[in-house]
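Student: Would you mind keeping the following structure in view while I ask a few things?
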Amino acid sequence: MKKENEKETILVIGDCFIDENWKVSNTHKEAPFHYLMEKETNLCGVREFLEFLTSPNFDDSDKYSFVGCGIWGDDYESNESNKFKLLNLAEGQEKTTSRIIRCYEGHEKGEPNLLHRYDDWKYQSSNSKSDKLKLDKLDKLKGYVNSNISIIIIEDHNKGVIDSGTIKKLVDMIPSDKDKKIKCYIRSKIYNPKWMCELDEEKIEVRLNVIDYKLIKEKRQWIFGKKLGRASLEILGVLTGDDKYSQEKSNYKAQKAAVFMDDNTAIAKDGDDCFNLYKSCGKKELINIGRTTMFFNALIVQDILNGKESFEVQCYKALECAFKWSQDASKDWEEGNCHLYGKLTEKCLDKKQNGGEEEDNGDKEGKKSKKEAPSYDTLWEEWKASATELGIIDKKDKTFQVWRGESILKKYICVDAKRKEINELISKIDQEFFAKKEPHLPFNCLLVSGPGWGKSFLAKCMAEHFKMHYLEFSFAQMATAKDLVNCFDTICSVQNGAQKKVLVFMDEINCEIEGHSAMGLLLGPIWDGSFIRDGKSYRLSPATWIFASTDPTDDLIKLNKGSDFVSRLNGPIIQLDQLLLKNIRKKLIENPSIDPLQDEACKLAIEVKASFKTEQVYLGISLLNTLWGPIKIVKKGVLQLFHDMLLINGFRSLEFFVSKFQKMKPGKVSCSNLPDFEKSKELKRHVVLPENWKDKYKDKENNEDKENNEDKENKENNENITIEQLPVSHR
């Protein structure tokens, strides 16, 4: 039992390491390897948290005793403090120090140039002996745990201290107390770590779970202006255990969660309330190291001092703290000092900070704390509605939000499953090729669809996204093997002269050149990185190769060298169109006399409700904006027609259809603007419209000004839909 007037204990447990930042510069031209070095050493991890919690920032530090628990060597332990106690979980040969060493170039002002980084993690739990030693040493915590521990802070760098065994041992020590739960604050370098399953809900209340967005390997669009993207809702759901909308199961429930972004902003969730913390703290500073740690520290302190304050205000104050941290470090760098981690700013938790309550440049949205936070369930319902049927957000004022149809690629429209595939492709290119300074292997993937479904457009969007040099070739335009050699020659010349990586789009790989399979001719140059010209061998540097085919994968494999080609792809194979539509298109082209409205497959494609039909609505509105925009109001019947129509030549057909709209007025589109099929008979080669489409859509609008004698369905088709364009994105 806790004694009267006895201090409560805060336990900080996790990884400990030394962070060394070296500033190096060559001082003699005659001696190129003679360097002047300045070194700044910081004790990080558990020790850094303890220093922060016992600093003047934490007004209630005298009410608590502090215990740090981790693994470190003698050079770390020699820095004892009378402000807290340290328990080392290793001894003897297991007792080592882990380091991160960064070497920066030069003494000049300007952005620091990181020459080298060495992560020397000497201790990793790898055998039963070290695991048993660590768990046995944890028994020394029993004196604190059984009496007065009230807060646990977990700092996990995935280096051996925090694992399922450690957490289970810790939980077993905690006595059951129905009147009190220990508060737990978690920051992990692992997304959704498995050890969280060992936390006992009866004994421990997880108050906060914080991660850095860089831990999410898949590239996503987190924010659309001030709106949270689907990716944000999925991640916040997993971090808090509210995973009913996510395919990924959470390992624990947490009351609050936050994801720290690279531009000193964050997304956050408290119960059912969600926040986009978009208010900028100022210009981006030169030094960005350590900001997630400071953000986490500041949130812990505020929750302990004033847990009733809104989580949104706490996050804004924590963001300001992280910003000042990097601001101090940047100032030190510009003054020629090596203190890259800055100083513990005494005013970083100043109660005078507005926490986002003041207006930001006249933006009334800045008064965030005075407005009701959006509900997690409500935000999800909006995203679900936007990806089904007509994509209309079900509000009092019907709204179609164009930006919800975008993937992470600007201008590229896709929804639901296809968006997930495109996002995964972008993430793979980033991780396996673009992020590497000098990639050793090419990255290659395959796009499959009929003509007109945007294969080359997708490739161009990817090149623009990564700022890569874009080259496009088509095997259908190559008559001889020399044409292919010229293609490789062009790629080689661009790679030798360009300062950036190259993305190559190769279309129609299912073709033949002089009787030889195009896929067979690609095997050597792409994967071996060489080609022959005039008897001489030339090298091709690794590039991103986007191959495209109008034949499905099963048919490609049957071609000469097709199986060998497909087996060497190290990226995904993405089907951009629907096989159902491919078969219909083939049937209509081969037999123009077929009446599509009498064909069962055509009627099914018109009547089906699927994500690719919703995608047609987004693309139709985007094309209207491009050709006739900006569009502010559209009749529901126009959206319905975009949804129901059958595109014979893919999105190319839809673009042709939209170009034939007539009698357009600024900002508004109605059914009376739809193309006249009698005047534009060529439209029949591109689109198939539902039977009696004039009766369903066009003629209804002509009667909308008459007396109210229409049925309910007619009225719905004549509703005005507000078109909301892409908001200004903050990140």
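Chains: A, B, ... in order of the structure tokens. Residues: from 1 per chain. Ligands: from 1, in order shown.
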Show me, as a PDB file with C-alpha atoms, in the first residue's frame, the residues that have an atom within 7 Å of range 667-683 of chain A when counting only C-alpha atoms, minus same-chain residues fewer than 3 positions from it.
Tutor:
```pdb
ATOM      1  CA  GLY A 629     -14.985  24.105 -66.034  1.00  0.00           C
ATOM      2  CA  PRO A 630     -14.859  25.027 -63.367  1.00  0.00           C
ATOM      3  CA  ILE A 631     -18.145  23.252 -62.661  1.00  0.00           C
ATOM      4  CA  LYS A 632     -20.030  24.215 -59.502  1.00  0.00           C
ATOM      5  CA  ILE A 633     -23.458  22.594 -59.993  1.00  0.00           C
ATOM      6  CA  VAL A 634     -24.436  19.426 -61.857  1.00  0.00           C
ATOM      7  CA  LYS A 635     -27.774  17.644 -62.148  1.00  0.00           C
ATOM      8  CA  GLY A 637     -29.151  12.774 -63.873  1.00  0.00           C
ATOM      9  CA  VAL A 638     -25.769  13.627 -65.434  1.00  0.00           C
ATOM     10  CA  PHE A 657     -18.330  11.837 -74.939  1.00  0.00           C
ATOM     11  CA  LYS A 660     -19.546  16.621 -77.298  1.00  0.00           C
ATOM     12  CA  PHE A 661     -21.558  18.338 -74.539  1.00  0.00           C
ATOM     13  CA  GLN A 662     -23.549  21.269 -75.935  1.00  0.00           C
ATOM     14  CA  LYS A 663     -25.046  24.647 -74.964  1.00  0.00           C
ATOM     15  CA  MET A 664     -22.774  24.812 -71.926  1.00  0.00           C
ATOM     16  CA  HIS A 686     -17.502   4.833 -78.063  1.00  0.00           C
ATOM     17  CA  VAL A 687     -20.375   4.539 -75.597  1.00  0.00           C
ATOM     18  CA  TYR A 697     -32.653  11.388 -67.591  1.00  0.00           C
ATOM     19  CA  LYS A 698     -33.019  14.027 -70.297  1.00  0.00           C
ATOM     20  CA  GLU A 701     -35.398  17.710 -66.714  1.00  0.00           C
TER      21      GLU A 701
END
```
Student: Enumerate, as a list in words, the complete set of residues in range 182-268 of chain A that a backbone-based DSSP assignment places in helix (DSSP H, G or I).
Tutor: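 Secondary structure check on range 182-268 of chain A, helix (DSSP H, G or I): Lys194, Trp195, Met196, Cys197, Glu198, Tyr213, Lys214, Leu215, Arg230, Ala231, Ser232, Leu233, Glu234, Ile235, Leu236, Gly237, Val238, Leu239 and Thr240 of chain A.
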Student: For N, CA and C atoms, I'd like the residues from the last selection saved as a PDB file, in the first residue's frame.
Tutor:
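out_3.pdb, freshly written:
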```pdb
ATOM      1  N   LYS A 194       3.410  -6.225 -31.717  1.00  0.00           N
ATOM      2  CA  LYS A 194       2.703  -7.384 -31.170  1.00  0.00           C
ATOM      3  C   LYS A 194       2.735  -7.423 -29.648  1.00  0.00           C
ATOM      4  N   TRP A 195       3.785  -6.830 -29.041  1.00  0.00           N
ATOM      5  CA  TRP A 195       3.881  -6.902 -27.587  1.00  0.00           C
ATOM      6  C   TRP A 195       2.736  -6.173 -26.884  1.00  0.00           C
ATOM      7  N   MET A 196       2.008  -5.313 -27.604  1.00  0.00           N
ATOM      8  CA  MET A 196       0.886  -4.609 -26.979  1.00  0.00           C
ATOM      9  C   MET A 196      -0.225  -5.573 -26.574  1.00  0.00           C
ATOM     10  N   CYS A 197      -0.251  -6.750 -27.195  1.00  0.00           N
ATOM     11  CA  CYS A 197      -1.256  -7.753 -26.815  1.00  0.00           C
ATOM     12  C   CYS A 197      -1.104  -8.183 -25.360  1.00  0.00           C
ATOM     13  N   GLU A 198       0.111  -8.045 -24.806  1.00  0.00           N
ATOM     14  CA  GLU A 198       0.375  -8.483 -23.437  1.00  0.00           C
ATOM     15  C   GLU A 198      -0.111  -7.486 -22.392  1.00  0.00           C
ATOM     16  N   TYR A 213       4.903   9.182 -38.927  1.00  0.00           N
ATOM     17  CA  TYR A 213       4.254   8.698 -40.150  1.00  0.00           C
ATOM     18  C   TYR A 213       5.203   7.876 -41.031  1.00  0.00           C
ATOM     19  N   LYS A 214       6.518   8.050 -40.866  1.00  0.00           N
ATOM     20  CA  LYS A 214       7.482   7.326 -41.692  1.00  0.00           C
ATOM     21  C   LYS A 214       7.475   5.822 -41.418  1.00  0.00           C
ATOM     22  N   LEU A 215       6.875   5.425 -40.289  1.00  0.00           N
ATOM     23  CA  LEU A 215       6.788   4.002 -39.982  1.00  0.00           C
ATOM     24  C   LEU A 215       5.793   3.292 -40.889  1.00  0.00           C
ATOM     25  N   ARG A 230      -8.743   8.642 -46.229  1.00  0.00           N
ATOM     26  CA  ARG A 230      -9.058   7.285 -45.765  1.00  0.00           C
ATOM     27  C   ARG A 230      -7.869   6.679 -45.020  1.00  0.00           C
ATOM     28  N   ALA A 231      -6.660   6.943 -45.523  1.00  0.00           N
ATOM     29  CA  ALA A 231      -5.452   6.383 -44.896  1.00  0.00           C
ATOM     30  C   ALA A 231      -5.316   6.852 -43.455  1.00  0.00           C
ATOM     31  N   SER A 232      -5.608   8.136 -43.206  1.00  0.00           N
ATOM     32  CA  SER A 232      -5.518   8.666 -41.846  1.00  0.00           C
ATOM     33  C   SER A 232      -6.501   7.968 -40.920  1.00  0.00           C
ATOM     34  N   LEU A 233      -7.724   7.776 -41.387  1.00  0.00           N
ATOM     35  CA  LEU A 233      -8.735   7.122 -40.562  1.00  0.00           C
ATOM     36  C   LEU A 233      -8.353   5.676 -40.274  1.00  0.00           C
ATOM     37  N   GLU A 234      -7.787   4.984 -41.255  1.00  0.00           N
ATOM     38  CA  GLU A 234      -7.373   3.595 -41.056  1.00  0.00           C
ATOM     39  C   GLU A 234      -6.283   3.498 -39.995  1.00  0.00           C
ATOM     40  N   ILE A 235      -5.279   4.370 -40.094  1.00  0.00           N
ATOM     41  CA  ILE A 235      -4.146   4.307 -39.164  1.00  0.00           C
ATOM     42  C   ILE A 235      -4.559   4.715 -37.763  1.00  0.00           C
ATOM     43  N   LEU A 236      -5.339   5.782 -37.647  1.00  0.00           N
ATOM     44  CA  LEU A 236      -5.807   6.206 -36.326  1.00  0.00           C
ATOM     45  C   LEU A 236      -6.678   5.122 -35.699  1.00  0.00           C
ATOM     46  N   GLY A 237      -7.443   4.409 -36.529  1.00  0.00           N
ATOM     47  CA  GLY A 237      -8.254   3.313 -36.017  1.00  0.00           C
ATOM     48  C   GLY A 237      -7.413   2.182 -35.471  1.00  0.00           C
ATOM     49  N   VAL A 238      -6.355   1.820 -36.191  1.00  0.00           N
ATOM     50  CA  VAL A 238      -5.467   0.746 -35.724  1.00  0.00           C
ATOM     51  C   VAL A 238      -4.747   1.164 -34.439  1.00  0.00           C
ATOM     52  N   LEU A 239      -4.301   2.411 -34.360  1.00  0.00           N
ATOM     53  CA  LEU A 239      -3.552   2.881 -33.184  1.00  0.00           C
ATOM     54  C   LEU A 239      -4.415   2.934 -31.930  1.00  0.00           C
ATOM     55  N   THR A 240      -5.727   3.121 -32.083  1.00  0.00           N
ATOM     56  CA  THR A 240      -6.610   3.202 -30.922  1.00  0.00           C
ATOM     57  C   THR A 240      -7.412   1.922 -30.705  1.00  0.00           C
TER      58      THR A 240
END
```
Student: Pick out the residues sitting within 9 Å of range 528-538 of chain A, and hand them over as a list in words; count only C-alpha atoms, and ignore anything fewer than 3 positions along from it in its own chain.
Tutor: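 Neighbouring residues, sequence-local ones excluded: Leu441, Pro442, Lys482, Val485, Asn486, Phe488, Asp489, Cys492, Leu523, Gly524, Pro525, Ser541 and Pro542 of chain A.
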Student: Please produce a file of those selected residues containing C-alpha atoms, as a compact mmCIF listing (two decimals), in the first residue's frame.
Tutor:
```
# COMPACT_ATOMS: atom_id res chain seq x y z
CA LEU A 441 18.50 -3.41 -59.62
CA PRO A 442 15.78 -2.07 -61.93
CA LYS A 482 17.28 -1.83 -84.97
CA VAL A 485 18.33 -0.86 -80.24
CA ASN A 486 17.68 2.84 -80.99
CA PHE A 488 17.90 1.46 -75.72
CA ASP A 489 20.40 3.95 -77.15
CA CYS A 492 21.37 5.17 -72.30
CA LEU A 523 15.19 -9.94 -71.07
CA GLY A 524 18.91 -9.15 -71.47
CA PRO A 525 18.86 -5.35 -71.63
CA SER A 541 21.68 1.89 -65.46
CA PRO A 542 18.84 0.53 -63.31
```
Student: Closest to His157 in chain A among A:Asn649, A:Thr544, A:Thr293, A:Thr96, using only C-alpha atoms?
Tutor: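 For His157 in chain A, the nearest of the candidates is A:Thr293.
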Student: With only C-alpha atoms as the basis for distance, which of A:Glu406, A:Asp483, A:Asp120, A:Asp177 is at the shortest distance from Asp19 in chain A?
Tutor: A:Asp120
Student: Would you mind telling me which residue in A:Lys561, A:Arg539, A:Lys169, A:Arg568 lies nearest to Glu512 in chain A when using only C-alpha atoms?
Tutor: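 So, comparing all the options, the nearest one is A:Lys561.
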